[in-house]
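Below: the structure, in structure tokens.
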Amino acid sequence: MAETHTGSCHCGAVAFEVETDLEMVMECNCTHCFRTGVWLTFVEPEAFRLTKGEEAIQEYLFNTRKIRHFLCKTCGVETHGEGAGPDGKVNVAVNVRCLSDIAPFSVTPTMRFDGLHQI
Ligand SMILES: [Zn+2]
């Protein structure tokens, strides 16, 4: 069942709310995800609300530049990203490791994505 979770970057400049059931948590081996250690869950844009820090966000693009990574300008933590799937629909990829209302080891990845070879 989807619940509202809260999350933030490390320094707290960027904060958000997301409605998710956390049933799918993805670990990806692409050059970016592997280095930063993000675990992602995907939601529709309506399920994600930035509650603080729009001006504190730095956008980062790489490779095909189709995925927009949003990092805090101060602490560098990526809270979320945005990208279109094969159907052209934009989804928000939320960094599960930024959720502040779950115990750190209570969620682990449920799937691995071979982004290194598929992005
Ligand atoms: Zn920050």
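Residue numbering restarts at 1 in every chain; chains get A, B, ... in the order shown in the structure tokens, and ligands count up from 1 in that same order.
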Collect all residues with atoms no farther than 6 Å from ligand 1, counting only C-alpha atoms and all ligand atoms, and output them as a count of residues only.
-> 9
Contacts of Met26 of chain A at 9 Å or less, counting only C-alpha atoms, minus same-chain residues fewer than 5 places along, as a short mmCIF file (atom, residue, chain, number, x, y, z; two decimals) with C-alpha atoms, in the first residue's frame?
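For reference, out10.cif as written:
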```cif
data_model
loop_
_atom_site.label_atom_id
_atom_site.label_comp_id
_atom_site.auth_asym_id
_atom_site.auth_seq_id
_atom_site.Cartn_x
_atom_site.Cartn_y
_atom_site.Cartn_z
CA VAL A 38 21.65 5.50 -4.85
CA TRP A 39 18.81 3.03 -4.55
CA LEU A 40 15.87 4.13 -6.65
CA THR A 41 12.14 3.70 -6.61
CA PHE A 42 10.05 5.09 -9.43
CA THR A 108 17.08 -3.17 0.51
CA PRO A 109 17.09 -3.38 -3.26
CA THR A 110 14.57 -5.78 -4.78
CA MET A 111 16.09 -5.74 -8.23
CA ARG A 112 19.29 -4.94 -10.06
CA PHE A 113 19.39 -3.05 -13.34
#
```
Contacts of Ser8 of chain A at 8 Å (only C-alpha atoms; same-chain gap of 6+ positions) as a ChimeraX atom specification | /A:14-16,79,98-100
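DSSP secondary structure from the backbone places Thr31, His32, Cys33, Phe34, Arg35, Thr36, Gly115, Leu116, His117 and Gln118 of chain A of chain A in alpha helix (DSSP H).
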Nearest to Leu61 of chain A by atom-to-atom distance, counting only C-alpha atoms, from A:Gly83, A:Gly115, A:Gly37, A:Pro104 = A:Gly83
Give the strand (DSSP E) residues of chain A, as DSSP finds them on the backbone, and put them as number ranges by chain.
-> A: 3-8, 15-20, 26-28, 39-43, 48-52, 57-60, 68-72, 78-84, 90-95, 111-113
Counting only C-alpha atoms, the option among A:Met24, A:Leu116, A:Cys33, A:Ala103 closest to His80 of chain A |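 Between A:Met24, A:Leu116, A:Cys33, A:Ala103, the residue approaching His80 of chain A most closely is A:Cys33.
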Considering only C-alpha atoms, return as a PyMOL selection string whatever protein or nucleic-acid residues lie within 12 Å of His32 of chain A, sequence-local ones (same chain, fewer than 3 positions apart) excluded.
-> chain A and resi 27-29+35-39+60-63+67-69+78+81+115-116+119
Prev. selection, N, CA, C and O atoms, output as a PDB file, in the first residue's frame:
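Generated output (again.pdb):
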```
ATOM      1  N   GLU A  27      18.691  -1.161  -7.656  1.00  0.00           N
ATOM      2  CA  GLU A  27      20.113  -0.861  -7.563  1.00  0.00           C
ATOM      3  C   GLU A  27      20.639  -0.952  -8.980  1.00  0.00           C
ATOM      4  O   GLU A  27      20.340  -1.920  -9.689  1.00  0.00           O
ATOM      5  N   CYS A  28      21.416   0.014  -9.409  1.00  0.00           N
ATOM      6  CA  CYS A  28      21.853   0.079 -10.809  1.00  0.00           C
ATOM      7  C   CYS A  28      23.370   0.162 -10.851  1.00  0.00           C
ATOM      8  O   CYS A  28      23.989   0.780  -9.986  1.00  0.00           O
ATOM      9  N   ASN A  29      23.957  -0.465 -11.870  1.00  0.00           N
ATOM     10  CA  ASN A  29      25.413  -0.479 -11.960  1.00  0.00           C
ATOM     11  C   ASN A  29      25.957   0.511 -12.982  1.00  0.00           C
ATOM     12  O   ASN A  29      27.093   0.388 -13.429  1.00  0.00           O
ATOM     13  N   ARG A  35      28.625   4.751  -8.447  1.00  0.00           N
ATOM     14  CA  ARG A  35      29.520   5.616  -7.676  1.00  0.00           C
ATOM     15  C   ARG A  35      28.812   6.307  -6.519  1.00  0.00           C
ATOM     16  O   ARG A  35      29.380   6.506  -5.451  1.00  0.00           O
ATOM     17  N   THR A  36      27.579   6.717  -6.777  1.00  0.00           N
ATOM     18  CA  THR A  36      26.884   7.483  -5.730  1.00  0.00           C
ATOM     19  C   THR A  36      26.133   6.580  -4.759  1.00  0.00           C
ATOM     20  O   THR A  36      25.758   7.019  -3.678  1.00  0.00           O
ATOM     21  N   GLY A  37      25.875   5.331  -5.151  1.00  0.00           N
ATOM     22  CA  GLY A  37      25.230   4.394  -4.230  1.00  0.00           C
ATOM     23  C   GLY A  37      23.743   4.600  -4.050  1.00  0.00           C
ATOM     24  O   GLY A  37      23.173   4.134  -3.065  1.00  0.00           O
ATOM     25  N   VAL A  38      23.093   5.278  -4.987  1.00  0.00           N
ATOM     26  CA  VAL A  38      21.653   5.497  -4.846  1.00  0.00           C
ATOM     27  C   VAL A  38      20.887   4.190  -5.023  1.00  0.00           C
ATOM     28  O   VAL A  38      21.302   3.307  -5.769  1.00  0.00           O
ATOM     29  N   TRP A  39      19.799   4.073  -4.319  1.00  0.00           N
ATOM     30  CA  TRP A  39      18.809   3.026  -4.551  1.00  0.00           C
ATOM     31  C   TRP A  39      17.552   3.764  -4.971  1.00  0.00           C
ATOM     32  O   TRP A  39      17.115   4.700  -4.299  1.00  0.00           O
ATOM     33  N   TYR A  60      22.237  17.648 -12.896  1.00  0.00           N
ATOM     34  CA  TYR A  60      23.406  16.985 -13.478  1.00  0.00           C
ATOM     35  C   TYR A  60      22.947  16.061 -14.597  1.00  0.00           C
ATOM     36  O   TYR A  60      22.035  15.252 -14.419  1.00  0.00           O
ATOM     37  N   LEU A  61      23.588  16.210 -15.755  1.00  0.00           N
ATOM     38  CA  LEU A  61      23.257  15.384 -16.919  1.00  0.00           C
ATOM     39  C   LEU A  61      24.515  14.681 -17.401  1.00  0.00           C
ATOM     40  O   LEU A  61      25.609  15.226 -17.315  1.00  0.00           O
ATOM     41  N   PHE A  62      24.375  13.455 -17.885  1.00  0.00           N
ATOM     42  CA  PHE A  62      25.530  12.786 -18.493  1.00  0.00           C
ATOM     43  C   PHE A  62      25.040  11.826 -19.557  1.00  0.00           C
ATOM     44  O   PHE A  62      23.840  11.629 -19.732  1.00  0.00           O
ATOM     45  N   ASN A  63      25.978  11.236 -20.257  1.00  0.00           N
ATOM     46  CA  ASN A  63      25.687  10.242 -21.286  1.00  0.00           C
ATOM     47  C   ASN A  63      24.698  10.800 -22.314  1.00  0.00           C
ATOM     48  O   ASN A  63      24.984  11.807 -22.954  1.00  0.00           O
ATOM     49  N   ILE A  67      18.369  11.636 -18.686  1.00  0.00           N
ATOM     50  CA  ILE A  67      17.962  11.529 -17.291  1.00  0.00           C
ATOM     51  C   ILE A  67      18.483  12.753 -16.546  1.00  0.00           C
ATOM     52  O   ILE A  67      19.666  13.078 -16.626  1.00  0.00           O
ATOM     53  N   ARG A  68      17.574  13.442 -15.865  1.00  0.00           N
ATOM     54  CA  ARG A  68      17.970  14.630 -15.114  1.00  0.00           C
ATOM     55  C   ARG A  68      18.191  14.227 -13.666  1.00  0.00           C
ATOM     56  O   ARG A  68      17.272  13.763 -13.012  1.00  0.00           O
ATOM     57  N   HIS A  69      19.417  14.382 -13.204  1.00  0.00           N
ATOM     58  CA  HIS A  69      19.738  14.063 -11.809  1.00  0.00           C
ATOM     59  C   HIS A  69      19.703  15.362 -11.012  1.00  0.00           C
ATOM     60  O   HIS A  69      20.287  16.355 -11.433  1.00  0.00           O
ATOM     61  N   GLU A  78      22.167  13.338  -4.111  1.00  0.00           N
ATOM     62  CA  GLU A  78      21.108  13.292  -5.114  1.00  0.00           C
ATOM     63  C   GLU A  78      19.833  12.783  -4.456  1.00  0.00           C
ATOM     64  O   GLU A  78      19.764  11.647  -4.016  1.00  0.00           O
ATOM     65  N   GLY A  81      15.625  12.054  -9.384  1.00  0.00           N
ATOM     66  CA  GLY A  81      15.934  12.302 -10.780  1.00  0.00           C
ATOM     67  C   GLY A  81      14.651  12.211 -11.588  1.00  0.00           C
ATOM     68  O   GLY A  81      13.579  11.892 -11.040  1.00  0.00           O
ATOM     69  N   GLY A 115      22.386  -1.053 -15.812  1.00  0.00           N
ATOM     70  CA  GLY A 115      22.473   0.249 -16.473  1.00  0.00           C
ATOM     71  C   GLY A 115      23.801   0.489 -17.173  1.00  0.00           C
ATOM     72  O   GLY A 115      23.883   1.263 -18.115  1.00  0.00           O
ATOM     73  N   LEU A 116      24.833  -0.182 -16.693  1.00  0.00           N
ATOM     74  CA  LEU A 116      26.156  -0.015 -17.306  1.00  0.00           C
ATOM     75  C   LEU A 116      26.100  -0.361 -18.787  1.00  0.00           C
ATOM     76  O   LEU A 116      26.755   0.269 -19.608  1.00  0.00           O
ATOM     77  N   ILE A 119      22.114   1.744 -20.521  1.00  0.00           N
ATOM     78  CA  ILE A 119      21.784   3.177 -20.574  1.00  0.00           C
ATOM     79  C   ILE A 119      22.586   3.805 -21.699  1.00  0.00           C
ATOM     80  O   ILE A 119      23.774   3.588 -21.789  1.00  0.00           O
TER      81      ILE A 119
END
```
Shell around Leu71 of chain A at 6 Å using only C-alpha atoms, local window under 2 positions removed, as a list in words =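 Skipping anything fewer than 2 positions along the chain leaves Ile57, Gln58, Gly76, Val77 and Glu78 of chain A.
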Write a file of the just-selected residues containing N, CA, C and O atoms, as an mmCIF file, in the first residue's frame.
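Result went into result02.cif, see below:
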```
data_model
loop_
_atom_site.group_PDB
_atom_site.id
_atom_site.type_symbol
_atom_site.label_atom_id
_atom_site.label_comp_id
_atom_site.auth_asym_id
_atom_site.auth_seq_id
_atom_site.Cartn_x
_atom_site.Cartn_y
_atom_site.Cartn_z
ATOM 1 N N ILE A 57 18.852 23.197 -5.655
ATOM 2 C CA ILE A 57 19.113 22.022 -6.492
ATOM 3 C C ILE A 57 20.004 22.347 -7.677
ATOM 4 O O ILE A 57 19.815 23.353 -8.358
ATOM 5 N N GLN A 58 20.941 21.477 -7.898
ATOM 6 C CA GLN A 58 21.787 21.539 -9.085
ATOM 7 C C GLN A 58 21.409 20.364 -9.974
ATOM 8 O O GLN A 58 21.265 19.241 -9.499
ATOM 9 N N GLY A 76 25.696 17.869 -2.019
ATOM 10 C CA GLY A 76 25.972 16.997 -3.154
ATOM 11 C C GLY A 76 25.135 15.738 -3.236
ATOM 12 O O GLY A 76 25.303 14.944 -4.153
ATOM 13 N N VAL A 77 24.231 15.550 -2.282
ATOM 14 C CA VAL A 77 23.426 14.328 -2.287
ATOM 15 C C VAL A 77 22.321 14.427 -3.342
ATOM 16 O O VAL A 77 21.631 15.443 -3.444
ATOM 17 N N GLU A 78 22.167 13.338 -4.111
ATOM 18 C CA GLU A 78 21.108 13.292 -5.114
ATOM 19 C C GLU A 78 19.833 12.783 -4.456
ATOM 20 O O GLU A 78 19.764 11.647 -4.016
#
```
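The residue that comes closest to Val107 of chain A, out of A:Thr64, A:Asn95, A:Gly85, A:Met1 and on the basis of only C-alpha atoms, is A:Asn95.
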Find, counting only C-alpha atoms, the residue in A:Ala2, A:Val25, A:Ala84, A:Cys30 that gets nearest to Ala47 of chain A.
-> A:Ala2
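Closest approach to Lys66 of chain A from the set A:Thr20, A:Thr6, A:Ser106, A:Asn91 is made by A:Asn91, with distances taken over only C-alpha atoms.
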